[in-house]
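Since the structure comes first, as structure tokens, the remarks are kept for the end.
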There are 2 protein chains.
Amino acid sequence: MPEPLSITPLEGLPLVSPGDDIARLLVAALRRSRIVPVRRDIIVVTQKIVSKAEGRFVDLTSIVPSARAAAIGEQVGKDPRLVEVILSESTDVLRCSKGVLIAAHRLGLVMANAGVDQSNVAAGSADRVLLLPRDPDSSAAMLKERLDREFGGDLGVVITDSFGRPWRNGVVAAAIGAAGLPSLVDLTGAPDLFGRRMQRTQVAVADAIAAAAALVMGECDEGIPAAHMRGVPVNGAPLPASALIRSAETDLFR
Amino acid sequence: MPEPLSITPLEGLPLVSPGDDIARLLVAALRRSRIVPVRRDIIVVTQKIVSKAEGRFVDLTSIVPSARAAAIGEQVGKDPRLVEVILSESTDVLRCSKGVLIAAHRLGLVMANAGVDQSNVAAGSADRVLLLPRDPDSSAAMLKERLDREFGGDLGVVITDSFGRPWRNGVVAAAIGAAGLPSLVDLTGAPDLFGRRMQRTQVAVADAIAAAAALVMGECDEGIPAAHMRGVPVNGAPLPASALIRSAETDLFR
């Protein structure tokens, strides 16, 4: 009988503030849950707590919107100061329409509002927004290093965020940062069951891990920003989450 | 301590042929795995075994490609008979380029090749392709009815397929059929942690279930076409997977 894959939400993490040591908070949460991570276990955390710990807040009262930001703000019905922050995080605006601004973040991630977040940012500060971590793969690598040292294992770390999608309703979580696991697995040329040569197929493993963890964490700010996962049958050399970003040249939907 | 979510691959299912009773095969596989499903457990199965059981094969030798299929076949480098089948399954072609044909299936699903599948279809028959189930939500509902009767529980069923995505590399599994669970959960207006009113957010729960199960099933035809999932904390009225299909009018990427 195969061991099941298991996913446990890590409850009781405190609200995170700039400078907080997330690794330490995760170690305490794992201890409280009586989980001792072993080799190949994966710790999943939300973008939000990583960004908060990294102090990625922007105070909108300090922002003077450009004419372009004002025009887009008018078009989409968003605060022009927020639009200014979104534009400053982006390399490209893909779509604007009422209530929707889809942009390519400088990391390459195509997201609503370039990942700039207004919900659950801080109490009593409607003017504070939160940017993505500066370099989520590095953030994941640093977390992994700390957790590996603590538990003596070779762990995986995935940092998630919620993504809307063309053609389908609803958000799903995907990986914006990863360390210690192959974010993308290439099945190119592996034979299928009947020996036919498979066409080139790559599997977005880290995105599936993010989506799976979100089932217990709650996709949307329900207050469980981390999970522990055991039994994901992944093999292969580690690849960061940046490998999941499709190059603009091979993208038919820009 | 919260119970972890668990996902167990259901091994040992035989290759499925037209007319096979998948419910019976799943019951046997669950028994072999010593799993007795209880209320709210979810059984996940791939499109492929559902389509096979429903006899959704097309013999390409019987297909005469239209001029349009021949032209598109030339453009994308695919067998014009296969393109003819894809077109006959579709309401709209979104993109064609070398090796890529992205179409809106008449069910509304936007997929590579409109979900028409050439891999792992049958031994020794390169000319046989497999269509999506005729009505995957109905297929899921029928499976649920049979499984509920067998186990006396109120189970969930999800039918998955692999989807490529704009902007991101790699496929992930998503739900093309579902029964007994809310495929889409609406968080519109729920307050965030700090009492701010959340913007309209819908969560694609059935897609996350599909992606999670694919971690143990293998995304690509590795021979484990079903999984059992326990502990998914979903509440709300059941909604079929068709609720996940974004209407063309609200879609900015057609």
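Every chain in the structure tokens takes a letter, A first, then B, and so on in the order presented; its residues are numbered from 1, and the ligands are numbered from 1 following the presented order.
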
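Those residues that approach His105 in chain B to within 12 Å, counting only C-alpha atoms, are A:Trp167, B:Val85, B:Ile86, B:Leu87, B:Ser88, B:Glu89, B:Ser90, B:Thr91, B:Asp92, B:Val93, B:Leu94, B:Leu101, B:Leu109, B:Val110, B:Met111, B:Ala112, B:Asn113, B:Ala114, B:Gly115, B:Val116, B:Leu131, B:Leu132, B:Pro133, B:Arg134, B:Asp135, B:Ile176, B:Ile245; same-chain residues fewer than 4 positions away are not listed.
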
| range 1-205 of chain B: residues DSSP assigns to alpha helix (DSSP H), reported as a PyMOL selection string | chain B and resi 22-32+47-53+67-76+80-89+136-151+205

Write the selection just made, keeping C-alpha atoms, as an mmCIF file, in the first residue's frame?
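As written to disk, again-v8.cif reads:
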```
data_model
loop_
_atom_site.group_PDB
_atom_site.id
_atom_site.type_symbol
_atom_site.label_atom_id
_atom_site.label_comp_id
_atom_site.auth_asym_id
_atom_site.auth_seq_id
_atom_site.Cartn_x
_atom_site.Cartn_y
_atom_site.Cartn_z
ATOM 1 C CA ILE B 22 -15.279 2.333 -13.795
ATOM 2 C CA ALA B 23 -17.244 2.505 -10.550
ATOM 3 C CA ARG B 24 -16.730 -1.215 -10.058
ATOM 4 C CA LEU B 25 -13.006 -0.904 -10.847
ATOM 5 C CA LEU B 26 -12.670 1.962 -8.372
ATOM 6 C CA VAL B 27 -14.465 0.025 -5.633
ATOM 7 C CA ALA B 28 -12.067 -2.882 -6.157
ATOM 8 C CA ALA B 29 -9.033 -0.564 -6.122
ATOM 9 C CA LEU B 30 -10.225 1.142 -2.928
ATOM 10 C CA ARG B 31 -10.706 -2.266 -1.291
ATOM 11 C CA ARG B 32 -7.213 -3.349 -2.329
ATOM 12 C CA GLN B 47 -10.352 12.044 -18.163
ATOM 13 C CA LYS B 48 -8.609 9.249 -19.989
ATOM 14 C CA ILE B 49 -10.226 6.325 -18.195
ATOM 15 C CA VAL B 50 -13.635 7.980 -18.267
ATOM 16 C CA SER B 51 -13.348 8.645 -21.999
ATOM 17 C CA LYS B 52 -12.151 5.108 -22.667
ATOM 18 C CA ALA B 53 -14.987 3.566 -20.688
ATOM 19 C CA ALA B 67 -9.875 22.102 -46.624
ATOM 20 C CA ARG B 68 -9.718 24.163 -43.417
ATOM 21 C CA ALA B 69 -8.366 21.207 -41.441
ATOM 22 C CA ALA B 70 -5.785 20.596 -44.147
ATOM 23 C CA ALA B 71 -4.694 24.242 -44.059
ATOM 24 C CA ILE B 72 -4.437 24.346 -40.269
ATOM 25 C CA GLY B 73 -2.684 20.969 -40.261
ATOM 26 C CA GLU B 74 -0.097 22.363 -42.633
ATOM 27 C CA GLN B 75 0.330 25.476 -40.491
ATOM 28 C CA VAL B 76 0.734 23.718 -37.145
ATOM 29 C CA PRO B 80 -5.009 16.985 -40.978
ATOM 30 C CA ARG B 81 -7.320 14.142 -39.948
ATOM 31 C CA LEU B 82 -6.484 14.871 -36.297
ATOM 32 C CA VAL B 83 -7.100 18.581 -36.933
ATOM 33 C CA GLU B 84 -10.475 17.697 -38.469
ATOM 34 C CA VAL B 85 -11.413 15.846 -35.274
ATOM 35 C CA ILE B 86 -10.212 18.773 -33.145
ATOM 36 C CA LEU B 87 -12.272 21.222 -35.199
ATOM 37 C CA SER B 88 -15.342 19.038 -34.968
ATOM 38 C CA GLU B 89 -15.001 19.095 -31.165
ATOM 39 C CA PRO B 136 -17.925 15.154 -17.807
ATOM 40 C CA ASP B 137 -20.113 16.637 -15.041
ATOM 41 C CA SER B 138 -22.733 13.964 -15.752
ATOM 42 C CA SER B 139 -20.041 11.302 -15.825
ATOM 43 C CA ALA B 140 -18.869 12.535 -12.416
ATOM 44 C CA ALA B 141 -22.437 12.569 -11.076
ATOM 45 C CA MET B 142 -23.025 8.996 -12.240
ATOM 46 C CA LEU B 143 -19.776 7.837 -10.641
ATOM 47 C CA LYS B 144 -20.709 9.614 -7.432
ATOM 48 C CA GLU B 145 -24.113 7.922 -7.366
ATOM 49 C CA ARG B 146 -22.563 4.486 -7.746
ATOM 50 C CA LEU B 147 -19.846 5.137 -5.161
ATOM 51 C CA ASP B 148 -22.290 6.690 -2.691
ATOM 52 C CA ARG B 149 -24.485 3.603 -2.997
ATOM 53 C CA GLU B 150 -21.507 1.306 -2.430
ATOM 54 C CA PHE B 151 -20.045 3.141 0.551
ATOM 55 C CA VAL B 205 -11.481 24.476 -5.427
#
```

| task | Could you give me, as JSON, numbers by chain, the residues within 9 Å of Leu215 in chain A, counting only C-alpha atoms and dropping anything in the same chain fewer than 2 positions from it? | result | {"A": [7, 210, 211, 212, 213, 217, 218, 219], "B": [5, 205, 208, 209, 212, 232, 233, 234]}

Write out, as a short mmCIF file (atom, residue, chain, number, x, y, z; two decimals), in the first residue's frame, the residues just selected, with N, CA, C and O atoms.
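For reference, again-v7.cif as written:
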```
data_model
loop_
_atom_site.label_atom_id
_atom_site.label_comp_id
_atom_site.auth_asym_id
_atom_site.auth_seq_id
_atom_site.Cartn_x
_atom_site.Cartn_y
_atom_site.Cartn_z
N ILE A 7 -0.84 16.68 3.82
CA ILE A 7 -0.66 18.13 3.89
C ILE A 7 -1.29 18.62 5.19
O ILE A 7 -2.47 18.38 5.44
N ALA A 210 1.73 24.15 -4.76
CA ALA A 210 1.10 25.37 -4.24
C ALA A 210 -0.41 25.22 -4.19
O ALA A 210 -1.06 25.54 -3.18
N ALA A 211 -0.99 24.72 -5.28
CA ALA A 211 -2.45 24.55 -5.33
C ALA A 211 -2.93 23.57 -4.27
O ALA A 211 -3.96 23.78 -3.61
N ALA A 212 -2.17 22.49 -4.10
CA ALA A 212 -2.54 21.47 -3.11
C ALA A 212 -2.50 22.05 -1.70
O ALA A 212 -3.44 21.88 -0.90
N ALA A 213 -1.43 22.77 -1.39
CA ALA A 213 -1.30 23.33 -0.04
C ALA A 213 -2.40 24.34 0.25
O ALA A 213 -2.91 24.45 1.38
N MET A 217 -4.61 25.66 3.47
CA MET A 217 -4.23 26.98 3.97
C MET A 217 -5.36 27.98 3.76
O MET A 217 -5.44 28.99 4.47
N GLY A 218 -6.20 27.70 2.80
CA GLY A 218 -7.18 28.68 2.39
C GLY A 218 -6.54 29.58 1.36
O GLY A 218 -5.43 30.08 1.55
N GLU A 219 -7.23 29.76 0.25
CA GLU A 219 -6.61 30.49 -0.86
C GLU A 219 -6.47 31.96 -0.51
O GLU A 219 -5.58 32.64 -0.96
N LEU B 5 -4.68 16.73 5.43
CA LEU B 5 -5.31 16.28 4.19
C LEU B 5 -4.46 15.13 3.65
O LEU B 5 -3.23 15.19 3.70
N VAL B 205 -11.80 25.60 -6.31
CA VAL B 205 -11.48 24.48 -5.43
C VAL B 205 -11.29 23.17 -6.20
O VAL B 205 -10.34 22.42 -5.95
N ALA B 208 -7.94 22.99 -7.77
CA ALA B 208 -6.88 22.72 -6.79
C ALA B 208 -6.89 21.24 -6.38
O ALA B 208 -5.82 20.64 -6.21
N ILE B 209 -8.07 20.65 -6.26
CA ILE B 209 -8.17 19.21 -5.96
C ILE B 209 -7.53 18.40 -7.08
O ILE B 209 -6.76 17.45 -6.83
N ALA B 212 -3.75 18.81 -6.96
CA ALA B 212 -3.20 18.08 -5.81
C ALA B 212 -3.14 16.58 -6.09
O ALA B 212 -2.12 15.93 -5.85
N VAL B 232 -10.26 17.39 2.74
CA VAL B 232 -10.33 18.70 2.06
C VAL B 232 -11.42 19.52 2.75
O VAL B 232 -12.58 19.11 2.78
N PRO B 233 -11.04 20.65 3.33
CA PRO B 233 -12.02 21.42 4.12
C PRO B 233 -12.88 22.30 3.21
O PRO B 233 -12.71 23.52 3.20
N VAL B 234 -13.78 21.69 2.46
CA VAL B 234 -14.67 22.49 1.62
C VAL B 234 -16.09 22.45 2.16
O VAL B 234 -16.59 21.43 2.59
#
```

| Contacts of Thr250 in chain A at 12 Å (only C-alpha atoms; same-chain gap of 5+ positions) as an NGL selection string | (:A and (245)) or (:B and (97-100 or 165-169))

Write a file of the just-selected residues containing C-alpha atoms, as a compact mmCIF listing (two decimals), in the first residue's frame.
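Just written: result18.txt:
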```
# COMPACT_ATOMS: atom_id res chain seq x y z
CA ILE A 245 7.75 31.61 -16.18
CA SER B 97 1.33 28.04 -34.34
CA LYS B 98 3.99 25.44 -35.04
CA GLY B 99 2.99 22.38 -33.02
CA VAL B 100 0.28 24.20 -31.11
CA ARG B 165 -1.37 27.73 -19.54
CA PRO B 166 -0.57 31.14 -20.92
CA TRP B 167 2.38 32.84 -19.22
CA ARG B 168 3.55 29.76 -17.34
CA ASN B 169 5.51 26.71 -18.38
```

| task | Mind checking which residues fall within 6 Å of Thr46 in chain A, counting only C-alpha atoms, ignoring those fewer than 6 positions away in the same chain, and posting them as a PyMOL selection string? | result | chain A and resi 159-160+225

Per DSSP on the backbone, what are the strand (DSSP E or B) residues of range 17-157 of chain B, as a short mmCIF file (atom, residue, chain, number, x, y, z; two decimals) with all heavy atoms, in the first residue's frame?
```
data_model
loop_
_atom_site.label_atom_id
_atom_site.label_comp_id
_atom_site.auth_asym_id
_atom_site.auth_seq_id
_atom_site.Cartn_x
_atom_site.Cartn_y
_atom_site.Cartn_z
N ILE B 42 -13.08 12.40 -1.40
CA ILE B 42 -13.17 12.72 -2.81
C ILE B 42 -12.40 11.67 -3.61
O ILE B 42 -11.28 11.30 -3.25
CB ILE B 42 -12.57 14.13 -3.09
CG1 ILE B 42 -13.39 15.19 -2.34
CG2 ILE B 42 -12.56 14.44 -4.59
CD1 ILE B 42 -12.73 16.55 -2.27
N ILE B 43 -13.04 11.18 -4.67
CA ILE B 43 -12.38 10.26 -5.59
C ILE B 43 -12.06 11.04 -6.86
O ILE B 43 -12.93 11.68 -7.44
CB ILE B 43 -13.29 9.05 -5.93
CG1 ILE B 43 -13.77 8.36 -4.65
CG2 ILE B 43 -12.56 8.09 -6.86
CD1 ILE B 43 -12.67 7.77 -3.78
N VAL B 44 -10.80 11.00 -7.24
CA VAL B 44 -10.33 11.74 -8.41
C VAL B 44 -9.96 10.74 -9.50
O VAL B 44 -9.26 9.76 -9.22
CB VAL B 44 -9.11 12.62 -8.06
CG1 VAL B 44 -8.65 13.42 -9.27
CG2 VAL B 44 -9.44 13.55 -6.89
N VAL B 45 -10.45 10.95 -10.70
CA VAL B 45 -10.11 10.06 -11.83
C VAL B 45 -9.71 10.91 -13.04
O VAL B 45 -10.16 12.04 -13.19
CB VAL B 45 -11.27 9.13 -12.22
CG1 VAL B 45 -11.61 8.18 -11.09
CG2 VAL B 45 -12.49 9.90 -12.65
N THR B 46 -8.86 10.32 -13.87
CA THR B 46 -8.44 11.05 -15.06
C THR B 46 -9.52 10.98 -16.15
O THR B 46 -10.28 10.02 -16.25
CB THR B 46 -7.16 10.46 -15.67
OG1 THR B 46 -7.42 9.12 -16.05
CG2 THR B 46 -6.02 10.52 -14.68
N PHE B 57 -13.49 6.85 -28.61
CA PHE B 57 -12.42 6.73 -29.59
C PHE B 57 -12.87 7.22 -30.96
O PHE B 57 -14.05 7.06 -31.33
CB PHE B 57 -11.98 5.27 -29.71
CG PHE B 57 -11.31 4.73 -28.48
CD1 PHE B 57 -12.01 3.95 -27.58
CD2 PHE B 57 -9.97 5.01 -28.23
CE1 PHE B 57 -11.40 3.45 -26.44
CE2 PHE B 57 -9.35 4.50 -27.10
CZ PHE B 57 -10.06 3.72 -26.20
N VAL B 58 -11.93 7.76 -31.70
CA VAL B 58 -12.18 8.05 -33.11
C VAL B 58 -11.04 7.43 -33.90
O VAL B 58 -9.86 7.58 -33.55
CB VAL B 58 -12.23 9.57 -33.37
CG1 VAL B 58 -12.34 9.84 -34.87
CG2 VAL B 58 -13.40 10.21 -32.64
N ASP B 59 -11.42 6.71 -34.96
CA ASP B 59 -10.43 6.09 -35.83
C ASP B 59 -10.12 7.09 -36.95
O ASP B 59 -10.98 7.41 -37.77
CB ASP B 59 -11.03 4.80 -36.41
CG ASP B 59 -10.02 4.07 -37.27
OD1 ASP B 59 -8.96 4.64 -37.61
OD2 ASP B 59 -10.31 2.91 -37.62
N SER B 90 -14.77 21.51 -31.49
CA SER B 90 -14.53 22.88 -31.03
C SER B 90 -15.57 23.86 -31.53
O SER B 90 -16.22 23.65 -32.54
CB SER B 90 -13.15 23.37 -31.50
OG SER B 90 -12.15 22.45 -31.15
N THR B 91 -15.67 24.95 -30.80
CA THR B 91 -16.49 26.07 -31.26
C THR B 91 -15.62 27.21 -31.76
O THR B 91 -16.13 28.12 -32.41
CB THR B 91 -17.37 26.60 -30.12
OG1 THR B 91 -16.52 26.98 -29.03
CG2 THR B 91 -18.35 25.54 -29.64
N ASP B 92 -14.33 27.18 -31.46
CA ASP B 92 -13.49 28.33 -31.75
C ASP B 92 -12.03 27.91 -31.69
O ASP B 92 -11.64 27.15 -30.80
CB ASP B 92 -13.75 29.40 -30.66
CG ASP B 92 -13.19 30.77 -31.04
OD1 ASP B 92 -12.83 30.96 -32.21
OD2 ASP B 92 -13.10 31.62 -30.14
N VAL B 93 -11.24 28.38 -32.63
CA VAL B 93 -9.79 28.18 -32.56
C VAL B 93 -9.17 29.47 -32.05
O VAL B 93 -9.35 30.53 -32.63
CB VAL B 93 -9.21 27.80 -33.94
CG1 VAL B 93 -7.68 27.79 -33.89
CG2 VAL B 93 -9.74 26.45 -34.38
N LEU B 94 -8.47 29.39 -30.91
CA LEU B 94 -7.90 30.61 -30.33
C LEU B 94 -6.53 30.93 -30.90
O LEU B 94 -6.22 32.09 -31.15
CB LEU B 94 -7.79 30.50 -28.80
CG LEU B 94 -9.06 30.90 -28.04
CD1 LEU B 94 -10.13 29.85 -28.15
CD2 LEU B 94 -8.73 31.18 -26.58
N ARG B 95 -5.67 29.93 -31.03
CA ARG B 95 -4.32 30.17 -31.52
C ARG B 95 -3.84 28.94 -32.30
O ARG B 95 -4.07 27.80 -31.89
CB ARG B 95 -3.34 30.39 -30.36
CG ARG B 95 -3.55 31.64 -29.53
CD ARG B 95 -3.19 32.92 -30.25
NE ARG B 95 -3.26 34.07 -29.36
CZ ARG B 95 -4.39 34.67 -28.97
NH1 ARG B 95 -5.56 34.22 -29.38
NH2 ARG B 95 -4.34 35.73 -28.16
N CYS B 96 -3.15 29.20 -33.39
CA CYS B 96 -2.42 28.15 -34.11
C CYS B 96 -0.99 28.62 -34.25
O CYS B 96 -0.75 29.75 -34.64
CB CYS B 96 -2.90 27.97 -35.55
SG CYS B 96 -4.64 27.75 -35.79
N SER B 97 -0.05 27.74 -33.97
CA SER B 97 1.33 28.04 -34.34
C SER B 97 2.03 26.70 -34.42
O SER B 97 1.44 25.66 -34.11
CB SER B 97 1.94 29.03 -33.35
OG SER B 97 2.77 28.42 -32.43
N VAL B 100 1.25 23.79 -32.13
CA VAL B 100 0.28 24.20 -31.11
C VAL B 100 -1.06 24.57 -31.75
O VAL B 100 -1.10 25.36 -32.69
CB VAL B 100 0.78 25.44 -30.33
CG1 VAL B 100 -0.23 25.86 -29.26
CG2 VAL B 100 2.14 25.18 -29.72
N LEU B 101 -2.12 23.98 -31.26
CA LEU B 101 -3.46 24.33 -31.72
C LEU B 101 -4.34 24.44 -30.47
O LEU B 101 -4.62 23.44 -29.81
CB LEU B 101 -3.99 23.25 -32.68
CG LEU B 101 -5.41 23.37 -33.19
CD1 LEU B 101 -5.69 24.75 -33.76
CD2 LEU B 101 -5.66 22.31 -34.26
N ILE B 102 -4.71 25.66 -30.13
CA ILE B 102 -5.47 25.89 -28.90
C ILE B 102 -6.91 26.24 -29.29
O ILE B 102 -7.14 27.20 -30.03
CB ILE B 102 -4.84 27.00 -28.05
CG1 ILE B 102 -3.41 26.56 -27.65
CG2 ILE B 102 -5.68 27.30 -26.81
CD1 ILE B 102 -2.60 27.65 -27.02
N ALA B 103 -7.83 25.45 -28.81
CA ALA B 103 -9.21 25.58 -29.25
C ALA B 103 -10.16 25.56 -28.05
O ALA B 103 -9.84 25.02 -27.00
CB ALA B 103 -9.57 24.45 -30.21
N ALA B 104 -11.32 26.19 -28.25
CA ALA B 104 -12.38 26.12 -27.24
C ALA B 104 -13.26 24.92 -27.57
O ALA B 104 -13.94 24.90 -28.60
CB ALA B 104 -13.19 27.41 -27.25
N HIS B 105 -13.21 23.93 -26.72
CA HIS B 105 -14.07 22.75 -26.86
C HIS B 105 -15.53 23.18 -26.71
O HIS B 105 -15.80 24.16 -26.01
CB HIS B 105 -13.68 21.74 -25.79
CG HIS B 105 -14.35 20.41 -25.92
ND1 HIS B 105 -15.62 20.17 -25.48
CD2 HIS B 105 -13.91 19.26 -26.49
CE1 HIS B 105 -15.93 18.91 -25.73
NE2 HIS B 105 -14.92 18.33 -26.34
N VAL B 110 -11.03 25.62 -22.78
CA VAL B 110 -9.99 26.04 -23.73
C VAL B 110 -8.77 25.16 -23.47
O VAL B 110 -8.20 25.18 -22.37
CB VAL B 110 -9.65 27.52 -23.57
CG1 VAL B 110 -8.50 27.91 -24.49
CG2 VAL B 110 -10.88 28.38 -23.87
N MET B 111 -8.40 24.38 -24.48
CA MET B 111 -7.34 23.39 -24.29
C MET B 111 -6.53 23.22 -25.56
O MET B 111 -7.03 23.42 -26.67
CB MET B 111 -7.97 22.01 -23.98
CG MET B 111 -8.87 21.98 -22.78
SD MET B 111 -9.57 20.31 -22.52
CE MET B 111 -8.16 19.47 -21.77
N ALA B 112 -5.29 22.76 -25.38
CA ALA B 112 -4.51 22.30 -26.52
C ALA B 112 -5.29 21.17 -27.21
O ALA B 112 -5.80 20.26 -26.54
CB ALA B 112 -3.15 21.80 -26.06
N ASP B 117 -6.80 13.45 -27.61
CA ASP B 117 -5.63 12.85 -26.98
C ASP B 117 -5.10 11.71 -27.84
O ASP B 117 -5.85 10.83 -28.26
CB ASP B 117 -6.10 12.30 -25.62
CG ASP B 117 -4.95 11.92 -24.73
OD1 ASP B 117 -3.80 11.97 -25.17
OD2 ASP B 117 -5.23 11.56 -23.57
N ARG B 128 -5.68 5.93 -33.71
CA ARG B 128 -6.83 6.05 -32.81
C ARG B 128 -6.63 7.22 -31.88
O ARG B 128 -5.58 7.33 -31.23
CB ARG B 128 -6.95 4.78 -31.99
CG ARG B 128 -8.29 4.09 -32.19
CD ARG B 128 -8.29 2.79 -31.46
NE ARG B 128 -9.65 2.41 -31.12
CZ ARG B 128 -9.97 1.55 -30.17
NH1 ARG B 128 -9.03 0.98 -29.46
NH2 ARG B 128 -11.23 1.26 -29.92
N VAL B 129 -7.59 8.09 -31.77
CA VAL B 129 -7.50 9.18 -30.80
C VAL B 129 -8.70 9.13 -29.86
O VAL B 129 -9.68 8.42 -30.12
CB VAL B 129 -7.41 10.56 -31.50
CG1 VAL B 129 -6.16 10.67 -32.36
CG2 VAL B 129 -8.66 10.86 -32.30
N LEU B 130 -8.61 9.88 -28.79
CA LEU B 130 -9.61 9.81 -27.73
C LEU B 130 -10.16 11.21 -27.46
O LEU B 130 -9.40 12.15 -27.25
CB LEU B 130 -8.92 9.25 -26.47
CG LEU B 130 -9.77 8.87 -25.27
CD1 LEU B 130 -10.76 7.76 -25.64
CD2 LEU B 130 -8.88 8.41 -24.12
N GLY B 156 -17.38 13.06 -2.94
CA GLY B 156 -17.12 13.95 -4.06
C GLY B 156 -16.39 13.20 -5.15
O GLY B 156 -15.65 12.25 -4.87
N VAL B 157 -16.62 13.59 -6.39
CA VAL B 157 -15.90 13.00 -7.52
C VAL B 157 -15.39 14.13 -8.40
O VAL B 157 -16.11 15.09 -8.67
CB VAL B 157 -16.81 12.07 -8.36
CG1 VAL B 157 -16.13 11.66 -9.67
CG2 VAL B 157 -17.20 10.83 -7.56
#
```

| field | A:Arg254, A:Arg246, A:Arg39, A:Arg230 ranked by distance to chain B, top pick (using only C-alpha atoms) | value |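 Among the listed residues, A:Arg246 lies closest to chain B.
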
| request: Have a look at CA of Arg40 in chain A and CA of Gly231 in chain A and let me know their distance in Å, one decimal. | output: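 Spanning CA of Arg40 in chain A to CA of Gly231 in chain A is a straight-line distance of 7.7 Å.
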